[in-house]
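Coordinates from upload35.cif are shown below (mmCIF, C-alpha atoms).
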data_data
#
loop_
_atom_site.label_atom_id
_atom_site.label_comp_id
_atom_site.auth_asym_id
_atom_site.auth_seq_id
_atom_site.Cartn_x
_atom_site.Cartn_y
_atom_site.Cartn_z
CA MET A 1 -4.18 9.77 12.30
CA ILE A 2 -6.42 11.20 9.59
CA ILE A 3 -4.65 13.75 7.42
CA LYS A 4 -5.71 17.36 7.62
CA GLU A 5 -6.14 19.00 4.23
CA ALA A 6 -3.98 21.92 5.36
CA GLU A 7 -1.08 19.51 6.07
CA LEU A 8 -1.35 17.53 2.83
CA SER A 9 0.84 19.76 0.67
CA GLY A 10 3.64 19.76 3.28
CA LEU A 11 3.48 15.98 3.61
CA ALA A 12 3.64 15.61 -0.15
CA ARG A 13 6.61 17.99 -0.31
CA ARG A 14 8.51 15.91 2.26
CA SER A 15 7.56 12.74 0.42
CA ARG A 16 8.98 14.16 -2.81
CA THR A 17 12.44 14.04 -1.29
CA ILE A 18 12.49 10.25 -1.60
CA ILE A 19 11.18 9.93 -5.15
CA ASN A 20 14.01 11.37 -7.21
CA GLU A 21 14.96 7.86 -8.34
CA SER A 22 11.34 7.24 -9.32
CA GLU A 23 11.38 10.43 -11.40
CA ARG A 24 14.45 9.21 -13.27
CA ARG A 25 12.72 5.88 -14.00
CA GLY A 26 9.67 7.68 -15.35
CA PHE A 27 6.14 7.91 -14.03
CA SER A 28 3.03 6.70 -15.81
CA PHE A 29 -0.44 7.94 -14.94
CA ILE A 30 -2.18 5.45 -17.22
CA THR A 31 -0.44 2.24 -18.31
CA PRO A 32 -0.64 -0.68 -15.84
CA SER A 33 2.60 -2.60 -15.26
CA LYS A 34 3.91 -5.39 -13.03
CA GLU A 35 4.58 -2.85 -10.28
CA PRO A 36 1.73 -1.85 -7.96
CA THR A 37 -0.90 0.07 -9.88
CA VAL A 38 -3.62 2.30 -8.47
CA PHE A 39 -6.92 3.62 -9.77
CA LEU A 40 -7.26 6.94 -7.92
CA SER A 41 -10.92 7.91 -7.55
CA HIS A 42 -11.63 11.55 -6.73
CA LYS A 43 -13.86 14.55 -7.29
CA HIS A 44 -12.54 16.77 -10.07
CA GLU A 45 -12.65 19.83 -7.81
CA ASP A 46 -10.03 18.12 -5.61
CA THR A 47 -7.27 18.37 -8.23
CA ASP A 48 -4.60 19.75 -5.89
CA GLU A 49 -5.31 17.11 -3.27
CA VAL A 50 -5.13 14.36 -5.92
CA LYS A 51 -1.71 15.60 -7.04
CA TYR A 52 -0.47 15.50 -3.43
CA VAL A 53 -1.88 11.99 -2.88
CA ALA A 54 -0.22 10.81 -6.12
CA THR A 55 3.10 12.22 -4.89
CA ILE A 56 2.73 10.32 -1.62
CA LEU A 57 1.89 7.09 -3.49
CA ARG A 58 4.95 7.56 -5.68
CA ALA A 59 7.08 7.94 -2.56
CA HIS A 60 5.82 4.48 -1.59
CA HIS A 61 7.06 2.95 -4.87
CA CYS A 62 3.82 3.11 -6.81
CA ASP A 63 4.68 4.64 -10.16
CA THR A 64 1.51 3.76 -12.07
CA ILE A 65 -1.50 5.74 -10.97
CA TYR A 66 -4.60 6.17 -13.10
CA ILE A 67 -6.14 9.63 -12.85
CA ASP A 68 -9.01 10.08 -15.28
CA TRP A 69 -8.31 13.70 -16.22
CA LYS A 70 -4.84 12.64 -17.37
CA ASP A 71 -6.36 10.08 -19.75
CA PRO A 72 -6.80 11.36 -23.34
CA GLN A 73 -9.51 8.69 -23.83
CA MET A 74 -11.78 10.37 -21.31
CA GLN A 75 -14.30 12.90 -22.52
CA HIS A 76 -15.33 15.99 -20.60
CA ALA A 77 -19.02 15.12 -20.85
CA THR A 78 -19.89 11.95 -18.95
CA ASN A 79 -22.00 9.21 -20.51
CA ARG A 80 -22.25 5.42 -20.83
CA GLU A 81 -18.86 5.28 -22.58
CA THR A 82 -17.33 7.08 -19.57
CA ALA A 83 -18.63 4.35 -17.27
CA GLU A 84 -17.33 1.60 -19.58
CA ILE A 85 -13.85 3.16 -19.70
CA LEU A 86 -13.82 3.58 -15.92
CA ARG A 87 -14.85 -0.05 -15.38
CA GLU A 88 -11.99 -1.18 -17.64
CA LYS A 89 -9.49 1.04 -15.82
CA ILE A 90 -10.65 -0.08 -12.36
CA ARG A 91 -10.33 -3.74 -13.39
CA GLY A 92 -6.92 -3.07 -14.98
CA HIS A 93 -5.27 -1.68 -11.86
CA LYS A 94 -4.33 -3.71 -8.78
CA LYS A 95 -5.49 -1.24 -6.12
CA PHE A 96 -8.39 1.20 -5.82
CA ILE A 97 -8.06 4.30 -3.64
CA LEU A 98 -10.78 6.89 -3.12
CA VAL A 99 -9.62 10.34 -2.03
CA VAL A 100 -12.33 11.12 0.52
CA THR A 101 -13.33 14.76 0.85
CA ALA A 102 -16.62 16.47 1.61
CA ASP A 103 -17.17 16.82 -2.15
CA SER A 104 -16.18 13.29 -3.19
CA VAL A 105 -18.66 11.53 -0.88
CA LYS A 106 -21.46 13.61 -2.41
CA SER A 107 -20.40 12.74 -5.95
CA PRO A 108 -22.52 10.11 -7.73
CA TRP A 109 -19.50 9.14 -9.86
CA CYS A 110 -17.16 8.66 -6.89
CA ASN A 111 -19.77 6.56 -5.11
CA TRP A 112 -20.36 4.51 -8.27
CA GLU A 113 -16.59 3.98 -8.70
CA LEU A 114 -16.25 2.95 -5.05
CA GLY A 115 -19.10 0.45 -5.36
CA TYR A 116 -17.66 -1.01 -8.54
CA GLY A 117 -14.14 -1.05 -7.10
CA ASP A 118 -15.45 -2.87 -4.02
CA ALA A 119 -17.16 -5.47 -6.19
CA VAL A 120 -14.10 -6.26 -8.33
CA LYS A 121 -11.18 -5.46 -5.99
CA GLY A 122 -12.31 -6.76 -2.60
CA GLU A 123 -9.48 -6.20 -0.12
CA ASP A 124 -7.57 -4.03 -2.57
CA VAL A 125 -9.72 -0.97 -1.83
CA ALA A 126 -8.73 1.79 0.60
CA LEU A 127 -9.75 5.33 1.44
CA PHE A 128 -7.35 8.28 1.64
CA CYS A 129 -9.42 10.44 3.99
CA LEU A 130 -8.76 14.14 4.26
CA GLU A 131 -10.15 15.86 7.31
CA GLN A 132 -12.42 18.70 6.35
CA GLN A 133 -13.57 21.65 8.41
CA ASP A 134 -17.19 20.44 8.38
CA ASN A 135 -16.41 16.66 8.47
CA ASP A 136 -19.72 15.97 6.70
CA TRP A 137 -18.28 12.92 4.92
CA ARG A 138 -18.29 11.10 8.26
CA ASP A 139 -22.07 10.70 7.99
CA HIS A 140 -21.59 8.14 5.25
CA GLU A 141 -21.50 4.99 7.37
CA TYR A 142 -20.60 2.69 4.47
CA LEU A 143 -17.13 4.26 4.41
CA GLN A 144 -16.41 2.43 7.68
CA LEU A 145 -16.25 -0.81 5.66
CA TYR A 146 -12.95 0.15 4.06
CA PRO A 147 -9.35 0.40 5.26
CA THR A 148 -8.02 3.94 5.56
CA ILE A 149 -4.64 5.33 4.58
CA GLU A 150 -3.43 7.42 7.49
CA LEU A 151 -0.38 9.28 8.66
CA ARG A 152 1.44 7.32 11.33
CA GLU A 153 2.56 9.21 14.37
CA TYR A 154 6.07 10.44 13.75
CA ASN A 155 8.61 12.74 15.31
CA ARG A 156 9.39 15.63 12.96
CA PHE A 157 12.86 15.99 14.48
CA TYR A 158 13.98 12.36 14.04
CA ASP A 159 11.95 11.05 11.08
CA THR A 160 13.02 12.56 7.78
CA THR A 161 9.83 11.62 5.93
CA PRO A 162 6.31 10.99 7.16
CA GLY A 163 5.16 7.40 7.15
CA PHE A 164 1.78 6.28 5.94
CA ILE A 165 -0.10 3.22 7.12
CA VAL A 166 -3.22 1.35 6.06
CA VAL A 167 -5.59 0.75 8.97
CA SER A 168 -8.35 -1.85 8.71
CA ARG A 169 -10.68 -3.67 11.06
CA ILE A 170 -10.57 -7.46 10.80
CA ASN A 171 -13.02 -9.34 13.06
CA GLY A 172 -13.28 -6.26 15.26
CA GLN A 173 -9.50 -6.01 15.67
CA LYS A 174 -7.47 -3.09 14.38
CA HIS A 175 -4.90 -4.21 11.79
CA VAL A 176 -2.10 -1.88 10.66
CA GLU A 177 0.40 -2.30 7.83
CA SER A 178 2.66 0.11 6.01
CA LEU A 179 1.29 1.74 2.87
CA THR A 180 4.21 0.29 0.92
CA ASP A 181 3.41 -3.24 2.11
CA TRP A 182 -0.29 -2.80 1.29
CA LEU A 183 0.48 -1.48 -2.21
CA HIS A 184 2.85 -4.36 -2.95
CA LYS A 185 0.75 -7.12 -1.37
CA GLN A 186 -0.44 -9.70 -3.89
#
Can you present the structure in this file as structure tokens?
Amino acid sequence: MIIKEAELSGLARRSRTIINESERRGFSFITPSKEPTVFLSHKHEDTDEVKYVATILRAHHCDTIYIDWKDPQMQHATNRETAEILREKIRGHKKFILVVTADSVKSPWCNWELGYGDAVKGEDVALFCLEQQDNDWRDHEYLQLYPTIELREYNRFYDTTPGFIVVSRINGQKHVESLTDWLHKQ
């Protein structure tokens, strides 16, 4: 099930309940480690959504997430050096996730990052799609190439935290694995 933007903050709040141990261990937005690491591609206007997605990733035992606006190396004005730094960061992290919103699919930088991530990461690329009111990102057919991170169906009365899955199509067949398994897969 694709996540509705209006539900994202609540899902992140529930996910926070299982990351207290992670908070005590510390949380790095920049430095890659032996644990699963993620380059989180996004449109800068989607700051709140990115924070919620990062919280959900942390709840799935991913404590190293690169977010460019948290990086002191990154300049506000974009240029060739920006692209070089982003290439290095994409290569340096195990997984690449694009937060898909109506704004991010229109962004030249997000599309460039996705293309580069696809070229160097292969199967380690996924989309965290947020359902928008206008759904205009669905017109970008190339997005269908990538696995999507989705909310699994769950019972709010019995399940204490929402579960997230990665859904991909392999030879026309739907393949589903837990987000935690996908993040930790070598």
Atom-to-atom span, CA of Leu145 in chain A and CA of Arg169 in chain A, Å: 8.3 Å
Selection dump of the PyMOL selection byres ((chain A and resi 108-125) around 8), as a list of chain:residue names: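 On this input, the PyMOL selection byres ((chain A and resi 108-125) around 8) captures A:Ser41, A:His42, A:Lys43, A:Leu86, A:Arg87, A:Ile90, A:Arg91, A:Lys94, A:Lys95, A:Phe96, A:Ile97, A:Leu98, A:Ser104, A:Val105, A:Lys106, A:Ser107, A:Ala126, A:Leu127, A:Tyr146, A:Pro147.
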Could you turn the residues from that selection into a file that holds C-alpha atoms, as a CSV table (one decimal), in the frame of the given file?
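Result file is part-v7.csv:
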chain,number,residue,atom,x,y,z
A,41,SER,CA,-10.9,7.9,-7.6
A,42,HIS,CA,-11.6,11.6,-6.7
A,43,LYS,CA,-13.9,14.6,-7.3
A,86,LEU,CA,-13.8,3.6,-15.9
A,87,ARG,CA,-14.8,0.0,-15.4
A,90,ILE,CA,-10.6,-0.1,-12.4
A,91,ARG,CA,-10.3,-3.7,-13.4
A,94,LYS,CA,-4.3,-3.7,-8.8
A,95,LYS,CA,-5.5,-1.2,-6.1
A,96,PHE,CA,-8.4,1.2,-5.8
A,97,ILE,CA,-8.1,4.3,-3.6
A,98,LEU,CA,-10.8,6.9,-3.1
A,104,SER,CA,-16.2,13.3,-3.2
A,105,VAL,CA,-18.7,11.5,-0.9
A,106,LYS,CA,-21.5,13.6,-2.4
A,107,SER,CA,-20.4,12.7,-6.0
A,126,ALA,CA,-8.7,1.8,0.6
A,127,LEU,CA,-9.8,5.3,1.4
A,146,TYR,CA,-13.0,0.2,4.1
A,147,PRO,CA,-9.4,0.4,5.3
Explicit residue set for the PyMOL selection byres ((chain A and resi 186) around 10), as a list of chain:residue names: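 That selection, the PyMOL selection byres ((chain A and resi 186) around 10), comes back as A:Pro36, A:Lys94, A:Asp124, A:Asp181, A:Trp182, A:Leu183, A:His184, A:Lys185.
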Shortest interatomic distance to Arg58 in chain A - which of A:Asp46, A:Thr37, A:His140, A:Met74, counting all atoms listed in the file: A:Thr37
Atom pair CA of Asp48 in chain A / CA of Asp71 in chain A: separation (Å):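 Distance between the two atoms: 17.0 Å.
CA of Glu45 in chain A is positioned 25.6 Å from CA of Ile165 in chain A.
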Using all atoms listed in the file: which of A:Leu151, A:Cys62, A:Leu40, A:Ile56 has the shortest distance to Val100 in chain A: A:Leu40
Residue nearest Glu88 in chain A - candidates A:Trp69, A:Phe39, A:Phe128, A:Tyr52, atoms counted: only C-alpha atoms: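 Of A:Trp69, A:Phe39, A:Phe128, A:Tyr52, the one nearest Glu88 in chain A, counting only C-alpha atoms, is A:Phe39.
For the set A:His44, A:Val38, A:Ala59, A:Val50, the residue with the smallest atom-to-atom gap to Lys89 in chain A is A:Val38, counting only C-alpha atoms.
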Nearest to Val167 in chain A, chosen from A:Gln73, A:Asn79, A:Arg152, A:Thr47, with only C-alpha atoms counted in the distances: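 Of the candidates, the smallest distance to Val167 in chain A is held by A:Arg152.
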